[in-house]
file query20.cif (mmCIF, C-alpha atoms)
data_start
#
loop_
_atom_site.label_atom_id
_atom_site.label_comp_id
_atom_site.auth_asym_id
_atom_site.auth_seq_id
_atom_site.Cartn_x
_atom_site.Cartn_y
_atom_site.Cartn_z
CA MET N 186 6.00 15.33 21.33
CA LEU N 187 3.84 15.07 18.24
CA THR N 188 5.27 12.88 15.48
CA THR N 189 4.93 15.79 13.06
CA GLU N 190 7.19 17.87 15.33
CA SER N 191 9.80 15.20 16.04
CA SER N 192 13.38 15.62 14.86
CA SER N 193 14.28 14.71 11.30
CA ARG N 194 16.12 11.46 10.66
CA HIS N 195 18.52 13.54 8.53
CA ASP N 196 20.99 16.05 9.92
CA ASP N 197 23.56 18.57 8.65
CA LEU N 198 21.25 19.37 5.72
CA ASP N 199 23.11 22.61 5.08
CA GLN N 200 26.29 20.58 4.48
CA LYS N 201 24.81 18.16 1.94
CA SER N 202 25.08 18.27 -1.83
CA THR N 203 22.00 18.82 -3.99
CA LEU N 204 21.92 15.13 -4.90
CA GLU N 205 22.18 14.10 -1.24
CA LEU N 206 19.26 16.39 -0.40
CA LEU N 207 17.16 14.92 -3.20
CA GLN N 208 18.00 11.36 -2.19
CA GLY N 209 17.03 12.08 1.40
CA MET N 210 13.71 13.68 0.44
CA ASN N 211 12.92 10.88 -1.97
CA GLN N 212 13.71 8.30 0.70
CA GLU N 213 11.22 9.95 3.05
CA ASP N 214 8.55 10.44 0.38
CA LYS N 215 8.51 6.70 -0.32
CA THR N 216 7.07 6.10 3.14
CA VAL N 217 3.92 8.16 2.51
CA PRO N 218 1.86 5.66 0.46
CA LEU N 219 2.63 2.96 3.02
CA ALA N 220 1.25 5.13 5.82
CA ILE N 221 -1.89 5.78 3.78
CA GLU N 222 -2.30 2.08 3.08
CA GLN N 223 -2.74 1.53 6.81
CA GLN N 224 -5.68 3.96 6.75
CA LEU N 225 -7.67 2.58 3.82
CA ALA N 226 -10.48 1.20 6.00
CA SER N 227 -10.84 4.58 7.72
CA ILE N 228 -10.80 6.41 4.39
CA GLN N 229 -13.47 4.05 3.08
CA ALA N 230 -15.72 4.69 6.08
CA LEU N 231 -15.45 8.46 5.63
CA ILE N 232 -16.13 8.29 1.89
CA ASP N 233 -19.18 6.08 2.34
CA ALA N 234 -20.62 8.44 4.97
CA ALA N 235 -20.00 11.51 2.81
CA TYR N 236 -21.51 9.75 -0.21
CA VAL N 237 -24.82 9.21 1.59
CA LYS N 238 -24.98 12.92 2.39
CA MET N 239 -24.12 14.02 -1.16
CA LEU N 240 -26.48 11.49 -2.73
CA ASN N 241 -29.25 13.20 -0.78
CA GLY N 242 -28.34 16.72 -1.85
CA GLY N 243 -25.67 17.58 0.67
CA ARG N 244 -22.37 19.32 0.05
CA LEU N 245 -18.78 18.43 0.95
CA PHE N 246 -16.68 20.97 2.87
CA TYR N 247 -12.92 20.95 3.42
CA LEU N 248 -11.72 23.12 6.30
CA GLY N 249 -8.10 23.79 7.21
CA SER N 250 -5.36 26.33 7.81
CA GLY N 251 -2.06 26.92 6.04
CA THR N 252 -0.94 24.08 3.79
CA SER N 253 -3.89 21.92 4.86
CA GLY N 254 -6.38 24.63 3.92
CA ARG N 255 -4.70 25.26 0.57
CA LEU N 256 -4.77 21.57 -0.30
CA GLY N 257 -8.49 21.45 0.46
CA ILE N 258 -9.12 24.45 -1.78
CA VAL N 259 -7.12 22.91 -4.63
CA ASP N 260 -9.07 19.67 -4.44
CA ALA N 261 -12.44 21.43 -4.23
CA SER N 262 -11.65 23.80 -7.09
CA GLU N 263 -10.77 20.95 -9.44
CA CYS N 264 -14.08 19.09 -9.06
CA PRO N 265 -16.25 21.30 -11.33
CA PRO N 266 -13.94 21.28 -14.40
CA THR N 267 -12.98 17.63 -13.98
CA TYR N 268 -16.40 16.18 -13.28
CA GLY N 269 -18.85 18.84 -14.45
CA VAL N 270 -20.40 19.27 -11.00
CA PRO N 271 -21.72 22.70 -10.00
CA GLN N 272 -19.60 25.22 -8.15
CA GLY N 273 -20.46 24.91 -4.48
CA LEU N 274 -20.90 21.14 -4.34
CA VAL N 275 -17.37 20.75 -2.93
CA ILE N 276 -16.17 23.80 -0.99
CA GLY N 277 -12.72 24.53 0.40
CA ILE N 278 -12.37 26.95 3.31
CA ILE N 279 -9.05 28.23 4.68
CA ALA N 280 -8.30 30.09 7.90
CA GLY N 281 -7.70 33.73 7.00
CA GLY N 282 -9.88 33.63 3.90
CA ASP N 283 -8.78 34.06 0.29
CA PRO N 284 -5.64 36.10 1.11
CA ALA N 285 -4.29 33.06 3.00
CA ILE N 286 -4.28 31.02 -0.21
CA ARG N 287 -1.21 32.93 -1.40
CA GLN N 288 0.45 34.10 1.78
CA ALA N 289 0.43 33.27 5.47
CA VAL N 290 -2.11 35.18 7.57
CA GLU N 291 -0.77 35.70 11.08
CA ASN N 292 -2.62 33.83 13.86
CA ALA N 293 -5.45 32.79 11.52
CA GLU N 294 -5.36 29.18 12.68
CA ASP N 295 -5.46 30.09 16.37
CA ASP N 296 -9.08 31.28 16.51
CA PRO N 297 -11.33 28.42 17.68
CA LEU N 298 -14.52 30.30 16.73
CA GLN N 299 -13.75 31.47 13.20
CA GLY N 300 -13.99 28.07 11.50
CA TRP N 301 -17.62 27.65 12.51
CA TYR N 302 -18.39 31.24 11.54
CA ASP N 303 -16.89 30.57 8.11
CA LEU N 304 -19.03 27.45 7.69
CA GLN N 305 -22.12 29.42 8.66
CA THR N 306 -21.54 31.87 5.80
CA HIS N 307 -22.30 28.89 3.56
CA SER N 308 -25.49 28.05 5.49
CA ILE N 309 -24.03 24.77 6.74
CA SER N 310 -26.71 22.22 7.65
CA LYS N 311 -27.26 18.62 8.72
CA ARG N 312 -27.42 17.66 5.04
CA ASP N 313 -23.73 18.49 4.57
CA PHE N 314 -20.46 16.75 5.41
CA VAL N 315 -17.40 18.60 6.76
CA ILE N 316 -13.81 17.35 6.69
CA GLY N 317 -11.33 19.09 8.97
CA ILE N 318 -7.71 18.93 7.80
CA SER N 319 -4.75 19.54 10.11
CA ALA N 320 -1.34 17.89 9.92
CA SER N 321 -0.79 18.29 13.66
CA GLY N 322 -4.41 17.43 14.31
CA GLY N 323 -4.78 20.30 16.73
CA ALA N 324 -5.28 23.58 14.84
CA PRO N 325 -7.84 25.54 16.93
CA TYR N 326 -9.52 26.85 13.77
CA VAL N 327 -10.33 23.27 12.81
CA THR N 328 -10.97 21.79 16.27
CA GLY N 329 -13.42 24.55 17.14
CA ALA N 330 -15.31 24.10 13.88
CA LEU N 331 -15.57 20.33 14.30
CA GLU N 332 -16.79 20.72 17.88
CA GLN N 333 -19.59 22.92 16.61
CA CYS N 334 -20.36 20.48 13.81
CA VAL N 335 -20.85 17.73 16.38
CA ALA N 336 -22.92 20.02 18.60
CA ASN N 337 -25.16 20.89 15.65
CA SER N 338 -25.45 17.32 14.29
CA VAL N 339 -23.40 18.05 11.16
CA SER N 340 -21.51 14.89 10.15
CA CYS N 341 -17.77 15.42 10.03
CA GLY N 342 -14.45 13.74 9.39
CA ALA N 343 -10.83 14.53 10.19
CA ILE N 344 -7.54 14.12 8.36
CA ALA N 345 -4.42 14.33 10.57
CA CYS N 346 -0.87 13.03 10.59
CA ASN N 347 -0.59 12.18 14.30
CA THR N 348 -2.25 9.42 16.29
CA ASP N 349 -4.79 10.36 18.95
CA SER N 350 -5.19 13.75 17.32
CA LYS N 351 -7.60 16.32 18.77
CA ILE N 352 -9.61 16.53 15.57
CA GLY N 353 -9.69 12.74 15.35
CA GLN N 354 -11.16 12.55 18.84
CA ILE N 355 -13.88 15.04 17.91
CA ALA N 356 -14.90 13.90 14.43
CA ASP N 357 -17.31 11.12 13.53
CA TYR N 358 -14.75 9.66 11.11
CA LYS N 359 -11.00 10.01 11.53
CA ILE N 360 -8.06 9.39 9.21
CA GLU N 361 -4.65 9.55 10.88
CA ALA N 362 -1.86 8.94 8.36
CA VAL N 363 1.32 9.00 10.45
CA VAL N 364 4.16 9.58 8.00
CA GLY N 365 6.88 10.10 10.61
CA PRO N 366 9.35 12.95 11.07
CA GLU N 367 9.67 15.43 8.22
CA PHE N 368 12.91 15.76 6.22
CA VAL N 369 13.17 19.31 7.56
CA THR N 370 12.02 19.06 11.17
CA GLY N 371 8.41 20.22 11.54
CA SER N 372 7.95 21.19 7.88
CA THR N 373 4.57 19.54 7.42
CA ARG N 374 4.18 20.98 3.93
CA MET N 375 6.37 18.05 2.90
CA LYS N 376 5.39 14.43 3.76
CA SER N 377 2.30 15.37 5.74
CA GLY N 378 1.12 17.63 2.95
CA THR N 379 1.75 14.89 0.41
CA ALA N 380 -0.28 12.44 2.49
CA GLN N 381 -3.15 14.90 2.80
CA LYS N 382 -3.13 15.54 -0.94
CA LEU N 383 -3.23 11.82 -1.75
CA ILE N 384 -6.07 11.24 0.70
CA LEU N 385 -8.08 14.17 -0.67
CA ASN N 386 -7.55 12.75 -4.18
CA MET N 387 -8.96 9.45 -2.96
CA ILE N 388 -11.96 11.07 -1.31
CA SER N 389 -13.07 13.37 -4.13
CA THR N 390 -12.32 10.90 -6.93
CA SER N 391 -14.18 8.07 -5.21
CA LEU N 392 -17.15 10.32 -4.49
CA MET N 393 -17.35 11.60 -8.06
CA ILE N 394 -17.20 8.03 -9.40
CA LYS N 395 -19.89 6.87 -6.97
CA LEU N 396 -22.06 9.87 -7.89
CA GLY N 397 -21.95 8.81 -11.54
CA HIS N 398 -19.56 11.32 -13.09
CA VAL N 399 -17.22 8.62 -14.44
CA GLN N 400 -18.19 5.88 -16.90
CA GLY N 401 -15.68 3.10 -17.38
CA ASN N 402 -12.57 5.14 -16.71
CA SER N 403 -13.66 8.32 -18.50
CA MET N 404 -14.58 11.76 -17.12
CA VAL N 405 -17.80 11.95 -19.13
CA ASP N 406 -19.01 15.22 -17.56
CA MET N 407 -15.77 17.24 -17.73
CA GLN N 408 -15.99 20.87 -18.82
CA LEU N 409 -14.65 21.61 -22.30
CA SER N 410 -12.59 24.57 -21.15
CA ASN N 411 -9.67 24.27 -23.61
CA LYS N 412 -8.58 22.58 -26.84
CA LYS N 413 -6.81 19.74 -25.00
CA LEU N 414 -10.04 18.76 -23.25
CA VAL N 415 -12.04 18.97 -26.48
CA LEU N 416 -9.57 16.57 -28.10
CA ARG N 417 -9.70 14.28 -25.07
CA GLY N 418 -13.50 14.29 -25.17
CA THR N 419 -13.49 13.59 -28.88
CA ARG N 420 -11.27 10.53 -28.35
CA MET N 421 -13.60 9.27 -25.63
CA ILE N 422 -16.59 9.52 -27.94
CA MET N 423 -14.72 7.79 -30.76
CA GLU N 424 -13.76 4.92 -28.44
CA GLN N 425 -17.28 4.50 -27.12
CA THR N 426 -19.19 4.87 -30.38
CA GLY N 427 -16.82 4.03 -33.23
CA LEU N 428 -17.52 7.39 -34.87
CA ASP N 429 -14.87 9.21 -36.89
CA ASP N 430 -13.10 12.15 -35.28
CA PHE N 431 -14.97 14.84 -37.23
CA THR N 432 -18.41 13.51 -36.30
CA ALA N 433 -17.38 12.82 -32.71
CA GLN N 434 -16.10 16.36 -32.21
CA GLU N 435 -19.15 17.84 -33.89
CA LEU N 436 -21.41 15.98 -31.48
CA LEU N 437 -19.26 16.95 -28.52
CA LEU N 438 -19.37 20.66 -29.32
CA LYS N 439 -23.08 20.53 -30.03
CA HIS N 440 -24.07 18.77 -26.82
CA GLY N 441 -21.36 20.09 -24.48
CA SER N 442 -20.29 16.86 -22.77
CA VAL N 443 -19.04 13.38 -23.59
CA ARG N 444 -22.03 11.84 -21.83
CA LYS N 445 -24.61 13.79 -23.84
CA ALA N 446 -22.72 13.29 -27.10
CA VAL N 447 -22.59 9.52 -26.62
CA GLU N 448 -26.29 9.43 -25.74
CA ALA N 449 -27.07 11.42 -28.89
CA ALA N 450 -25.00 9.01 -30.99
CA GLU N 451 -26.81 6.03 -29.53
CA ASN N 452 -30.16 7.56 -30.46
CA TRP N 453 -29.26 8.07 -34.13
#

call {"tool": "encode", "arguments": {"input": "query20.cif", "output": "structure tokens"}}
result
Amino acid sequence: MLTTESSSRHDDLDQKSTLELLQGMNQEDKTVPLAIEQQLASIQALIDAAYVKMLNGGRLFYLGSGTSGRLGIVDASECPPTYGVPQGLVIGIIAGGDPAIRQAVENAEDDPLQGWYDLQTHSISKRDFVIGISASGGAPYVTGALEQCVANSVSCGAIACNTDSKIGQIADYKIEAVVGPEFVTGSTRMKSGTAQKLILNMISTSLMIKLGHVQGNSMVDMQLSNKKLVLRGTRMIMEQTGLDDFTAQELLLKHGSVRKAVEAAENW
């Protein structure tokens, strides 16, 4: 039996108080970072391989079904506003298409051909890097896509929560964060989903830093899409240049990014 399908260490959940439920979930959640810690070398290898592709003009794709697919879409969608990269540099694809983001699409993950078809709609090429995400490690939508990636010399990685996973056996780079049985048996939206989210955070954040979109610890290319971000950008400029808040904000709004505003200040 897959670890992700094994019986919960907690029973009689329907008889427990709210506090007992919370304590049990919290107890299980604490194990997730420890499982990821065991995979840091594997995560590093995947990031370094993806970085080479992106440095040379390639794109990063996340491919998954259900919770795994949604997590990939969330991570991909946050890269442009956070780091100022163009839409389409990091792309999330979910089995069942956009409707599956909000509700389950029946049997979407069971088609071993559709994942590759979906990648082809984005003109996937050898320049790109694909990461298949599946808690069980065996979703046909993902396994089929990764098999075609390998057959077509497209570099690929895998994120699963079982050892010896199918996608791990196919991919060039595998990450298998085994978090153990879920609090509710088989509910991989819980610990497995948390592990996938943390790993995706590591991947995209590391790549954006390595690609030059962070200076020091600041998101110097973030989009100024609301007042909070304008104020954050203004503070960054003040810290880096010593300018007063009025001048810093004026430069920020004129040049559109912290990076460009700081460069302008340095050339005064």

call {"tool": "resolve_selection", "arguments": {"input": "query20.cif", "expression": "the PyMOL selection byres ((chain N and resi 279) around 12)", "output": "ChimeraX atom specification"}}
result
/N:246-259,261,276-278,280-290,293-294,299-304,317-319,324,326-327,330

call {"tool": "residues_around", "arguments": {"input": "query20.cif", "residues": "His195 (chain N)", "least_positions_apart": "5", "cutoff": "10 Å", "atoms": "all atoms listed in the file", "output": "list in words"}}
result
Leu206, Gly209, Met210, Glu213, Pro366, Glu367, Phe368, Val369 and Thr370 of chain N

call {"tool": "closest_residue", "arguments": {"input": "query20.cif", "among": "N:Ala433, N:Leu204, N:Ala226, N:Val270", "to": "Ile394 (chain N)", "atoms": "all atoms listed in the file"}}
result
N:Val270

call {"tool": "atom_distance", "arguments": {"input": "query20.cif", "atom1": "CA of Val399 (chain N)", "atom2": "CA of Ser442 (chain N)"}}
result
12.1 Å

call {"tool": "closest_residue", "arguments": {"input": "query20.cif", "among": "N:Ser310, N:Asn411, N:Thr373, N:Thr426", "to": "Lys238 (chain N)", "atoms": "all atoms listed in the file"}}
result
N:Ser310

call {"tool": "resolve_selection", "arguments": {"input": "query20.cif", "expression": "the PyMOL selection byres ((chain N and resi 428) around 12)", "output": "list in words"}}
result
Thr419, Arg420, Met421, Ile422, Met423, Glu424, Gln425, Thr426, Gly427, Asp429, Asp430, Phe431, Thr432, Ala433, Gln434, Glu435, Leu436, Leu437, Ala446, Val447, Ala449, Ala450, Glu451 and Trp453 of chain N

call {"tool": "resolve_selection", "arguments": {"input": "query20.cif", "expression": "the PyMOL selection byres ((chain N and resi 353-360) around 7)", "output": "list in words"}}
result
Gln224, Ser227, Ile228, Leu231, Leu331, Glu332, Ser340, Cys341, Gly342, Ala343, Ile344, Ala345, Asp349, Ser350, Lys351, Ile352, Glu361 and Ala362 of chain N

call {"tool": "closest_residue", "arguments": {"input": "query20.cif", "among": "N:Gln208, N:Leu187, N:Gln229, N:Lys311", "to": "Val339 (chain N)", "atoms": "all atoms listed in the file"}}
result
N:Lys311

call {"tool": "closest_residue", "arguments": {"input": "query20.cif", "among": "N:Pro325, N:Asp260, N:Tyr268, N:Met387", "to": "Asp295 (chain N)", "atoms": "only C-alpha atoms"}}
result
N:Pro325

call {"tool": "axis_aligned_box", "arguments": {"input": "query20.cif", "around": "region 242-260 of chain N", "padding_each_side": "6 Å", "output": "JSON"}}
result
{"center_x": -14.6, "center_y": 21.8, "center_z": 1.6, "size_x": 39.4, "size_y": 22.2, "size_z": 24.4}

call {"tool": "residues_near_point", "arguments": {"input": "query20.cif", "point": "(-11.1, 19.5, -22.6)", "cutoff": "12 Å", "atoms": "only C-alpha atoms", "output": "list in words"}}
result
Pro266, Thr267, Tyr268, Gly269, Met404, Val405, Asp406, Met407, Gln408, Leu409, Ser410, Asn411, Lys412, Lys413, Leu414, Val415, Leu416, Arg417, Gly418, Thr419, Arg420, Met421, Gln434, Leu437, Leu438, Gly441, Ser442 and Val443 of chain N

call {"tool": "atom_distance", "arguments": {"input": "query20.cif", "atom1": "CA of Leu396 (chain N)", "atom2": "CA of Tyr236 (chain N)"}}
result
7.7 Å

call {"tool": "residues_around", "arguments": {"input": "query20.cif", "residues": "Arg244 (chain N)", "least_positions_apart": "3", "cutoff": "8 Å", "atoms": "all atoms listed in the file", "output": "MDAnalysis selection string"}}
result
chainID N and resid 238:239 273:276 312:314

call {"tool": "residues_near_point", "arguments": {"input": "query20.cif", "point": "(-10.6, 10.4, -0.6)", "cutoff": "8 Å", "atoms": "only C-alpha atoms", "output": "list in words"}}
result
Ile228, Gln229, Ile232, Leu383, Ile384, Leu385, Asn386, Met387, Ile388, Ser389, Thr390, Ser391 and Leu392 of chain N

call {"tool": "closest_residue", "arguments": {"input": "query20.cif", "among": "N:Asn402, N:Ser321, N:Asn452, N:Thr216", "to": "Thr189 (chain N)", "atoms": "all atoms listed in the file"}}
result
N:Ser321
